[in-house]
Amino acid sequence: MKKVIVTLMTALALVGCDAKNPLLETAATPFDTPAFSQYELAHFKPALEIALQEAREELAAVVNNPEAPTFENTVVAIERGGANLNRIANIFFNLNMTVTSDEMQALAQEIQPMLVEFSNDMMLNETLYERVRTVWENREALELDTESEMLLTKTYKNFVRSGAGLNDEDKQTYRELSTELSGLTLKFGQNVLAATNAFHINIPEADSAKVAELPAYVREAMASEAKAKGETGWTVTLQYASMLPFMTYSTDRELKEQLYRANASRCLGGEYDNTAIIQRIATLRLQLANLLGYKTYADYVLEERMAETIEGVNNLLDELLVSTKEYADAEVEAIEKYARKSGVYGNDFELQPWDWAYFSEKYKNEYYNVSEEQTKPYFELEHTKQAIFGLAEKLYGIRFIKRTDIEPYHPDVVVYEVTEADGSTIGILYMDFFPRESKRGGAWMTSFRDKAVDAEGREIIPLISMCGNFTKPTENTPSLLTFDEFETFLHEFGHCLHGLLAEGTYESLSGTAVYRDFVELPSQIMENWATESEFLDMAAVHYQTGEKMPRQMVDNIIAAKNYLAAYGNVRQLSFGMADMAYHSITEPLTEDVEQFEIKATAPTQVLPRVAGTSSSTSFSHIFSGGYAAGYYSYKWAEVLEADAFEMFKQEGIFNREVAESFRRNVLSQGGHEHPMTLYVRFRGHKPQVSALIDRMNLGK
């Protein structure tokens, strides 16, 4: 489809602006990467308004095309339309997650409804829908290739599932509900970030005894945090990389309880209250589902998932719970007995959630002779990164070249060009490792641009970003990762590989554009290498001496890989059950959020519940991310990867033939085919839940 070109002069006149807008110009950057240093916040809204106008004109050209609808002039035209709009929106919303400000968040609340309105205008356009439906109904005569067949199927279903078949009155209702929902999910995430940044504990120098017991690296990190905040002494925040070490090594129960309660009650009342937002989000999702003919929002979502039905998800969660709950209870009982025997707090105390990190770490150290304090010096970030790059090269033959001429969006970010062995470029990787107040919590992979082929046949390489909140370097010590951070690195890097190794023509089917309960397979399978001795010999090197991790420590890590496996499994199941409860409601949600969560997760309770806390109010995955009615995906993906990794175990964890099969049948395919088809093509059979249960080695 020939795009409507808006000249720069016309564009600037439309917004009454005399200065050039760099978001509307083609920058002379390598691989057309974003020129971040040229962008100012004031550029985004005018640029998006112009890009929206361009996209509307492109859409009108499809709608008003006098020719009979074809795959190319309708489906492909829709796929490739709005490219400029998508590019600018991707830049804005990715920056909003990583370098945000109050002003940027306010602007996001203005921009989001504009984009939702355009999306609704497109998906609810009756003429456009009829053109798509005509192509769909004649699909058997088109002789499309597999990728094109999937694009047609996905496009048609997207229209149907976005209300294209509704009457005019219901279409208006759909617009109103979807617009409100979009704004609330954005607000939810903003509240979580604000609440996280709003709390910290400072321990003044006069109370140095409170930190004397902590490992030197924890004290140093806390001192660095205090200095950054203009305080003296030692400071701990609700950032995971700050909070967890304090909870793990401090015996000050009063401070740990205070920290735990602050973290576990984020957005449960107060200035950044998310409770009413949760009730409204759940209700809006229900109403949207009902409008489209579904009983619940979960029914609507699962229609396009491997699990397919609520019953299928609940059966998975129940089977895993029944198989592991008694072992999880036994694990908690063992830790509590150990804690009482230790005499740290006396023999009659009751283990509370804020005690868990401390005593579970002590137990692991005593029984497996391995601790975070021992392992951290062997996981210096830079060396670990190079080892993970080396793993990717062994498996897939790809290489990572640092590029200082490609602009990062923040000084913390490092940029790499990713190439095949022959030197051909397959993508760009931005790596953003450390926490800051302008960045949301957790770890994630995202993209500024996905793999595609444009209308002129040119290959468009993906621009992939990996974000984390790992342990920051201090004045005296480089970034040293916990073992959990090491696994998280591997996990998110797996998502990055999924995006970088994508092949195909259409961006909407590229890389991670797959069913939500399949997208975690490429990430979670990578975690397996964390407990393989051959890889630990590459990855674990002491940052001061350069010596490899001692063989006994490697053996201890491997022996402890299933430590608290049942507890960890049940904890994840609690999140999945809460998610399904919120999205299986059949009536508007008016119940108190804390009480709703208690009832939904009661079967998974293994530690005492603390009144006045709720994980729901900061559960960004389901209320601000893309995992609504889909958090179970992590457990389903564990089933997939437990079965899939057996191929590597059988043939060798660096086996190139197995890796190439995984790349060819999974990583490169994106959403070109149904994920079960792709999985069976790689593995030779469908996955079984027993693979995950067997791997936990419970009771042994």
# chains A, B, ... in the order shown; residues from 1 in each chain; ligands from 1

call {"tool": "select_by_dssp", "arguments": {"residues": "stretch 133-278 of chain A", "states": "helix (DSSP H, G or I)", "output": "ChimeraX atom specification"}}
result
/A:133-137,139-141,146-161,168-198,205-210,216-228,240-249,253-264,275-278

call {"tool": "residues_around", "arguments": {"residues": "stretch 531-543 of chain A", "least_positions_apart": "4", "cutoff": "8 Å", "atoms": "only C-alpha atoms", "output": "CSV table (one decimal) with N, CA, C and O atoms, in the first residue's frame"}}
result
chain,number,residue,atom,x,y,z
A,377,PRO,N,30.8,-13.2,44.9
A,377,PRO,CA,32.0,-12.8,44.3
A,377,PRO,C,32.3,-13.5,43.0
A,377,PRO,O,33.2,-13.0,42.2
A,378,TYR,N,31.7,-14.6,42.7
A,378,TYR,CA,31.9,-15.4,41.5
A,378,TYR,C,31.0,-14.9,40.3
A,378,TYR,O,31.1,-15.5,39.2
A,379,PHE,N,30.1,-14.0,40.6
A,379,PHE,CA,29.1,-13.6,39.6
A,379,PHE,C,29.2,-12.1,39.4
A,379,PHE,O,28.2,-11.4,39.5
A,380,GLU,N,30.4,-11.6,39.1
A,380,GLU,CA,30.6,-10.2,38.7
A,380,GLU,C,29.9,-10.0,37.4
A,380,GLU,O,30.0,-10.8,36.4
A,383,HIS,N,31.6,-10.1,33.8
A,383,HIS,CA,32.1,-11.5,33.4
A,383,HIS,C,30.9,-12.4,33.1
A,383,HIS,O,30.9,-13.2,32.2
A,384,THR,N,29.9,-12.3,34.0
A,384,THR,CA,28.7,-13.1,33.8
A,384,THR,C,28.0,-12.8,32.5
A,384,THR,O,27.6,-13.8,31.8
A,387,ALA,N,30.0,-14.5,29.8
A,387,ALA,CA,29.7,-15.9,29.8
A,387,ALA,C,28.4,-16.3,29.2
A,387,ALA,O,28.3,-17.3,28.4
A,388,ILE,N,27.4,-15.5,29.4
A,388,ILE,CA,26.1,-15.7,28.8
A,388,ILE,C,26.1,-15.5,27.3
A,388,ILE,O,25.5,-16.2,26.5
A,391,LEU,N,27.6,-18.5,25.9
A,391,LEU,CA,26.6,-19.6,25.9
A,391,LEU,C,25.8,-19.5,24.6
A,391,LEU,O,25.6,-20.5,23.9
A,527,GLU,N,17.2,-20.8,32.2
A,527,GLU,CA,17.5,-20.9,33.6
A,527,GLU,C,18.2,-22.3,33.9
A,527,GLU,O,18.9,-22.4,34.9
A,547,GLU,N,40.0,-16.7,39.8
A,547,GLU,CA,39.9,-18.2,39.9
A,547,GLU,C,38.5,-18.7,39.6
A,547,GLU,O,37.5,-18.0,40.0
A,548,LYS,N,38.3,-19.8,39.0
A,548,LYS,CA,37.0,-20.4,38.8
A,548,LYS,C,36.4,-20.8,40.1
A,548,LYS,O,37.1,-21.1,41.1
A,549,MET,N,35.1,-20.9,40.1
A,549,MET,CA,34.4,-21.4,41.3
A,549,MET,C,34.9,-22.8,41.7
A,549,MET,O,35.0,-23.6,40.8
A,554,VAL,N,30.5,-25.6,43.2
A,554,VAL,CA,29.7,-25.9,42.1
A,554,VAL,C,28.8,-27.1,42.4
A,554,VAL,O,27.6,-27.1,42.1
A,555,ASP,N,29.4,-28.2,43.0
A,555,ASP,CA,28.6,-29.3,43.3
A,555,ASP,C,27.5,-29.0,44.3
A,555,ASP,O,26.4,-29.5,44.3
A,557,ILE,N,26.0,-26.1,44.7
A,557,ILE,CA,24.9,-25.3,44.0
A,557,ILE,C,24.0,-26.3,43.3
A,557,ILE,O,22.8,-26.2,43.4
A,558,ILE,N,24.6,-27.3,42.6
A,558,ILE,CA,23.8,-28.2,41.9
A,558,ILE,C,22.9,-29.1,42.8
A,558,ILE,O,21.7,-29.3,42.6
A,561,LYS,N,19.8,-27.2,44.0
A,561,LYS,CA,19.0,-26.6,43.0
A,561,LYS,C,17.5,-26.8,43.2
A,561,LYS,O,16.6,-26.0,42.8

call {"tool": "residues_around", "arguments": {"residues": "stretch 83-89 of chain A", "least_positions_apart": "5", "cutoff": "8 Å", "atoms": "only C-alpha atoms", "output": "JSON, numbers by chain"}}
result
{"A": [23, 44, 47, 48, 51, 52, 55, 448, 449]}

call {"tool": "residues_around", "arguments": {"residues": "stretch 609-614 of chain A", "least_positions_apart": "5", "cutoff": "6 Å", "atoms": "only C-alpha atoms", "output": "JSON list (two decimals) with C-alpha atoms, in the first residue's frame"}}
result
[["chain", "number", "residue", "atom", "x", "y", "z"],
["A", 264, "ALA", "CA", 3.55, -6.11, 51.11],
["A", 265, "SER", "CA", 1.07, -3.27, 51.59],
["A", 594, "GLU", "CA", -7.57, -8.03, 50.64]]

call {"tool": "closest_atom_pairs", "arguments": {"of": "stretch 366-453 of chain A", "to": "stretch 499-515 of chain A", "cutoff": "7 Å", "atoms": "only C-alpha atoms", "output": "Markdown table"}}
result
| residue | atom | partner | partner_atom | distance |
| --- | --- | --- | --- | --- |
| A:Ile426 | CA | A:Leu500 | CA | 6.5 |
| A:Gly427 | CA | A:Leu500 | CA | 5.6 |
| A:Asp450 | CA | A:Glu507 | CA | 5.8 |
| A:Lys451 | CA | A:Glu507 | CA | 5.8 |
| A:Ala452 | CA | A:Thr505 | CA | 4.8 |
| A:Val453 | CA | A:Thr505 | CA | 4.7 |

call {"tool": "closest_residue", "arguments": {"among": "A:Glu110, A:Leu151, A:Glu373, A:Ala68", "to": "A:Leu214", "atoms": "only C-alpha atoms"}}
result
A:Glu373
